[in-house]
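Next comes my_file.tsv, a file with TSV, C-alpha atoms.
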chain	number	residue	atom	x	y	z
A	267	MET	CA	94.19	86.26	124.00
A	268	TYR	CA	92.29	86.99	120.77
A	269	LYS	CA	89.27	89.27	120.97
A	270	ASN	CA	86.85	90.95	118.57
A	271	ILE	CA	87.18	88.09	116.07
A	272	GLU	CA	85.54	84.70	115.61
A	273	LYS	CA	87.59	81.66	116.57
A	274	GLN	CA	87.64	78.35	114.69
A	275	THR	CA	86.23	80.11	111.64
A	276	LYS	CA	87.75	80.63	108.22
A	277	LEU	CA	87.75	84.38	107.47
A	278	LEU	CA	89.41	87.17	105.55
A	279	LEU	CA	91.13	89.73	107.76
A	280	LYS	CA	90.30	92.55	105.34
A	281	ASP	CA	86.60	91.85	105.93
A	282	GLN	CA	86.95	92.34	109.69
A	283	VAL	CA	87.10	96.14	109.49
A	284	GLU	CA	84.95	98.46	107.35
A	285	TYR	CA	85.80	101.73	105.66
A	286	GLN	CA	84.27	104.90	107.06
A	287	GLN	CA	84.28	108.10	105.05
A	288	GLY	CA	86.93	110.56	106.24
A	289	GLN	CA	88.26	108.24	108.96
A	290	VAL	CA	90.85	105.76	110.04
A	291	VAL	CA	89.15	102.77	111.69
A	292	SER	CA	90.94	100.22	113.86
A	293	LYS	CA	89.99	96.91	115.44
A	294	THR	CA	92.29	95.37	118.05
A	295	LEU	CA	92.61	91.59	117.90
A	296	VAL	CA	95.35	91.04	120.51
A	297	GLN	CA	96.82	93.37	123.14
A	298	ASN	CA	99.25	92.25	125.84
A	299	ASP	CA	102.78	92.95	127.12
A	300	ALA	CA	104.42	90.95	124.31
A	301	VAL	CA	102.37	91.71	121.19
A	302	SER	CA	99.65	93.89	119.73
A	303	VAL	CA	97.67	92.86	116.63
A	304	THR	CA	95.35	95.41	115.02
A	305	ILE	CA	93.64	95.75	111.67
A	306	PHE	CA	93.03	99.18	110.18
A	307	SER	CA	91.06	100.76	107.35
A	308	PHE	CA	92.04	104.16	105.96
A	309	ASP	CA	89.84	106.26	103.77
A	310	LYS	CA	91.67	107.95	100.88
A	311	ASP	CA	93.84	110.86	102.10
A	312	GLU	CA	93.41	109.92	105.78
A	313	GLU	CA	96.52	109.43	107.92
A	314	ILE	CA	98.11	108.59	111.22
A	315	SER	CA	100.61	111.36	111.89
A	316	THR	CA	104.25	110.82	112.78
A	317	HIS	CA	104.83	108.86	115.98
A	318	ALA	CA	107.17	106.17	117.33
A	319	SER	CA	106.38	102.74	118.71
A	320	GLY	CA	107.83	100.99	121.75
A	321	GLY	CA	108.24	97.81	119.70
A	322	ASP	CA	109.07	96.68	116.17
A	323	ALA	CA	105.97	97.13	114.00
A	324	MET	CA	105.22	94.91	111.01
A	325	VAL	CA	102.53	96.08	108.58
A	326	THR	CA	100.99	94.05	105.79
A	327	VAL	CA	98.63	95.73	103.34
A	328	LEU	CA	95.46	93.66	102.96
A	329	GLU	CA	93.77	95.80	100.29
A	330	GLY	CA	94.48	99.03	98.41
A	331	LYS	CA	97.61	101.20	98.64
A	332	GLY	CA	99.22	103.01	101.59
A	333	ARG	CA	102.24	105.26	102.02
A	334	PHE	CA	104.52	104.68	104.99
A	335	THR	CA	107.17	107.19	106.00
A	336	VAL	CA	109.77	105.62	108.30
A	337	GLY	CA	112.66	107.72	109.58
A	338	GLY	CA	112.43	109.93	106.48
A	339	ASP	CA	112.24	107.06	103.97
A	340	VAL	CA	109.01	106.67	101.99
A	341	PHE	CA	107.52	103.29	101.07
A	342	VAL	CA	104.35	102.73	99.04
A	343	LEU	CA	102.85	99.32	99.75
A	344	GLU	CA	100.08	97.50	97.94
A	345	GLU	CA	98.06	94.39	98.71
A	346	GLY	CA	100.24	91.56	100.02
A	347	GLU	CA	103.32	93.69	100.69
A	348	THR	CA	104.90	93.95	104.15
A	349	LEU	CA	107.20	96.46	105.86
A	350	ILE	CA	108.96	96.40	109.23
A	351	MET	CA	109.08	99.73	111.07
A	352	PRO	CA	111.79	99.52	113.76
A	353	LYS	CA	111.19	100.35	117.40
A	354	ASP	CA	111.65	104.02	118.34
A	355	ILE	CA	111.97	105.19	114.69
A	356	PRO	CA	109.35	107.87	113.88
A	357	HIS	CA	106.84	106.77	111.25
A	358	ALA	CA	103.56	107.89	109.67
A	359	VAL	CA	100.88	106.19	107.55
A	360	TYR	CA	98.83	107.77	104.74
A	361	GLY	CA	96.04	106.44	102.54
A	362	GLU	CA	97.16	106.90	98.94
A	363	GLU	CA	93.76	105.36	98.24
A	364	LYS	CA	91.36	103.48	100.48
A	365	PHE	CA	93.36	100.70	102.08
A	366	LYS	CA	93.40	98.15	104.86
A	367	MET	CA	96.36	96.83	106.78
A	368	LEU	CA	97.34	94.38	109.47
A	369	LEU	CA	99.66	95.77	112.16
A	370	VAL	CA	101.65	93.44	114.42
A	371	VAL	CA	103.80	95.11	117.08
A	372	SER	CA	106.18	92.95	119.10
A	373	PHE	CA	107.57	94.40	122.32

Would it be possible to restate this file's structure as structure tokens?
Amino acid sequence: MYKNIEKQTKLLLKDQVEYQQGQVVSKTLVQNDAVSVTIFSFDKDEEISTHASGGDAMVTVLEGKGRFTVGGDVFVLEEGETLIMPKDIPHAVYGEEKFKMLLVVSF
């Protein structure tokens, strides 16, 4: 089920994906019909444009600060903060500064 990550090892999720200048980087940890788990790094001012998901998406910021626009509402999240983005509601993500996040989508 889990891939791209060591098992039976203590680790920090934020250390599992590196920043790359001018890019959004992702690393998928789980992908199946029920759930998707991905970690992301965003360079400052990088973004994922508006889109909708086929499942409820929970994001937790692991480091830095990101801006999330969900159905027209804007949320700025910092390390340790979590937001649920409902299924089929358009949303976008923007790097207010360099930041990393954990994304869990349940279908």

Inset, instruction - Pull the neighbourhood of (110.0, 95.7, 108.3) for me: all residues within 9 Å in file coordinates, counting all atoms listed in the file, as a PyMOL selection string. - result: chain A and resi 322-325+348-352

Taking C-alpha atoms for each residue, export the selection above as a short mmCIF file (atom, residue, chain, number, x, y, z; two decimals), in the frame of the given file.
data_model
loop_
_atom_site.label_atom_id
_atom_site.label_comp_id
_atom_site.auth_asym_id
_atom_site.auth_seq_id
_atom_site.Cartn_x
_atom_site.Cartn_y
_atom_site.Cartn_z
CA ASP A 322 109.07 96.68 116.17
CA ALA A 323 105.97 97.13 114.00
CA MET A 324 105.22 94.91 111.01
CA VAL A 325 102.53 96.08 108.58
CA THR A 348 104.90 93.95 104.15
CA LEU A 349 107.20 96.46 105.86
CA ILE A 350 108.96 96.40 109.23
CA MET A 351 109.08 99.73 111.07
CA PRO A 352 111.79 99.52 113.76
#

Legend entry - Counting all atoms listed in the file, the residue of A:Thr316, A:Gly337, A:Lys364, A:Glu345 that sits nearest Val291 in chain A: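 Between A:Thr316, A:Gly337, A:Lys364, A:Glu345, the residue approaching Val291 in chain A most closely is A:Lys364.
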
Inset, instruction - May I ask which of the residues A:Gly361, A:Ile355, A:Gly332, A:Leu278 is the closest one to Val290 in chain A, counting only C-alpha atoms? - result: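 Among the listed residues, A:Gly361 lies closest to Val290 in chain A.
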
Inset, instruction - Pick out the residues sitting within 12 Å of Ile305 in chain A, and hand them over as a VMD selection string; count only C-alpha atoms, and ignore anything fewer than 4 positions along from it in its own chain. - result: chain A and resid 270 to 271 278 to 285 290 to 296 324 to 329 365 to 371

Those residues you just picked out, can you put them in a file as a JSON list (two decimals), in the frame of the given file with C-alpha atoms?
[["chain", "number", "residue", "atom", "x", "y", "z"],
["A", 270, "ASN", "CA", 86.85, 90.95, 118.57],
["A", 271, "ILE", "CA", 87.18, 88.09, 116.07],
["A", 278, "LEU", "CA", 89.41, 87.17, 105.55],
["A", 279, "LEU", "CA", 91.13, 89.73, 107.76],
["A", 280, "LYS", "CA", 90.30, 92.55, 105.34],
["A", 281, "ASP", "CA", 86.60, 91.85, 105.93],
["A", 282, "GLN", "CA", 86.95, 92.34, 109.69],
["A", 283, "VAL", "CA", 87.10, 96.14, 109.49],
["A", 284, "GLU", "CA", 84.95, 98.46, 107.35],
["A", 285, "TYR", "CA", 85.80, 101.73, 105.66],
["A", 290, "VAL", "CA", 90.85, 105.76, 110.04],
["A", 291, "VAL", "CA", 89.15, 102.77, 111.69],
["A", 292, "SER", "CA", 90.94, 100.22, 113.86],
["A", 293, "LYS", "CA", 89.99, 96.91, 115.44],
["A", 294, "THR", "CA", 92.29, 95.37, 118.05],
["A", 295, "LEU", "CA", 92.61, 91.59, 117.90],
["A", 296, "VAL", "CA", 95.35, 91.04, 120.51],
["A", 324, "MET", "CA", 105.22, 94.91, 111.01],
["A", 325, "VAL", "CA", 102.53, 96.08, 108.58],
["A", 326, "THR", "CA", 100.99, 94.05, 105.79],
["A", 327, "VAL", "CA", 98.63, 95.73, 103.34],
["A", 328, "LEU", "CA", 95.46, 93.66, 102.96],
["A", 329, "GLU", "CA", 93.77, 95.80, 100.29],
["A", 365, "PHE", "CA", 93.36, 100.70, 102.08],
["A", 366, "LYS", "CA", 93.40, 98.15, 104.86],
["A", 367, "MET", "CA", 96.36, 96.83, 106.78],
["A", 368, "LEU", "CA", 97.34, 94.38, 109.47],
["A", 369, "LEU", "CA", 99.66, 95.77, 112.16],
["A", 370, "VAL", "CA", 101.65, 93.44, 114.42],
["A", 371, "VAL", "CA", 103.80, 95.11, 117.08]]

Inset, instruction - Kindly give the distance, in Å, that separates CA of Thr335 in chain A and CA of Ala318 in chain A, rounded to a single decimal. - result: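 That distance, rounded to one decimal, is 11.4 Å.
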
Inset, instruction - Have a look at CA of Phe373 in chain A and CA of Gly320 in chain A and let me know their distance in Å, one decimal. - result: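 Between CA of Phe373 in chain A and CA of Gly320 in chain A the gap is 6.6 Å.
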
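Interatomic distance, CA of Val359 in chain A against CA of Ser315 in chain A: 6.8 Å.
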
Legend entry - Which residue of A:Asp354, A:Glu347, A:Glu272, A:Glu363 approaches Asp311 in chain A most closely, using all atoms listed in the file: A:Glu363

Inset, instruction - Check the smallest atom-to-atom distance from each of A:Ile314, A:Phe308, A:Ser302, A:Met267 to Gly330 in chain A using all atoms listed in the file, then report the winner. - result: A:Phe308

Legend entry - Distance criterion (all atoms listed in the file): nearest to Glu312 in chain A out of A:Gln297, A:Lys353, A:Gln287, A:Val340: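 Distance minimum relative to Glu312 in chain A lands on A:Gln287.
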
Legend entry - Counting only C-alpha atoms, the residue of A:Asp299, A:His357, A:Gln289, A:Gly338 that sits nearest His317 in chain A: A:His357
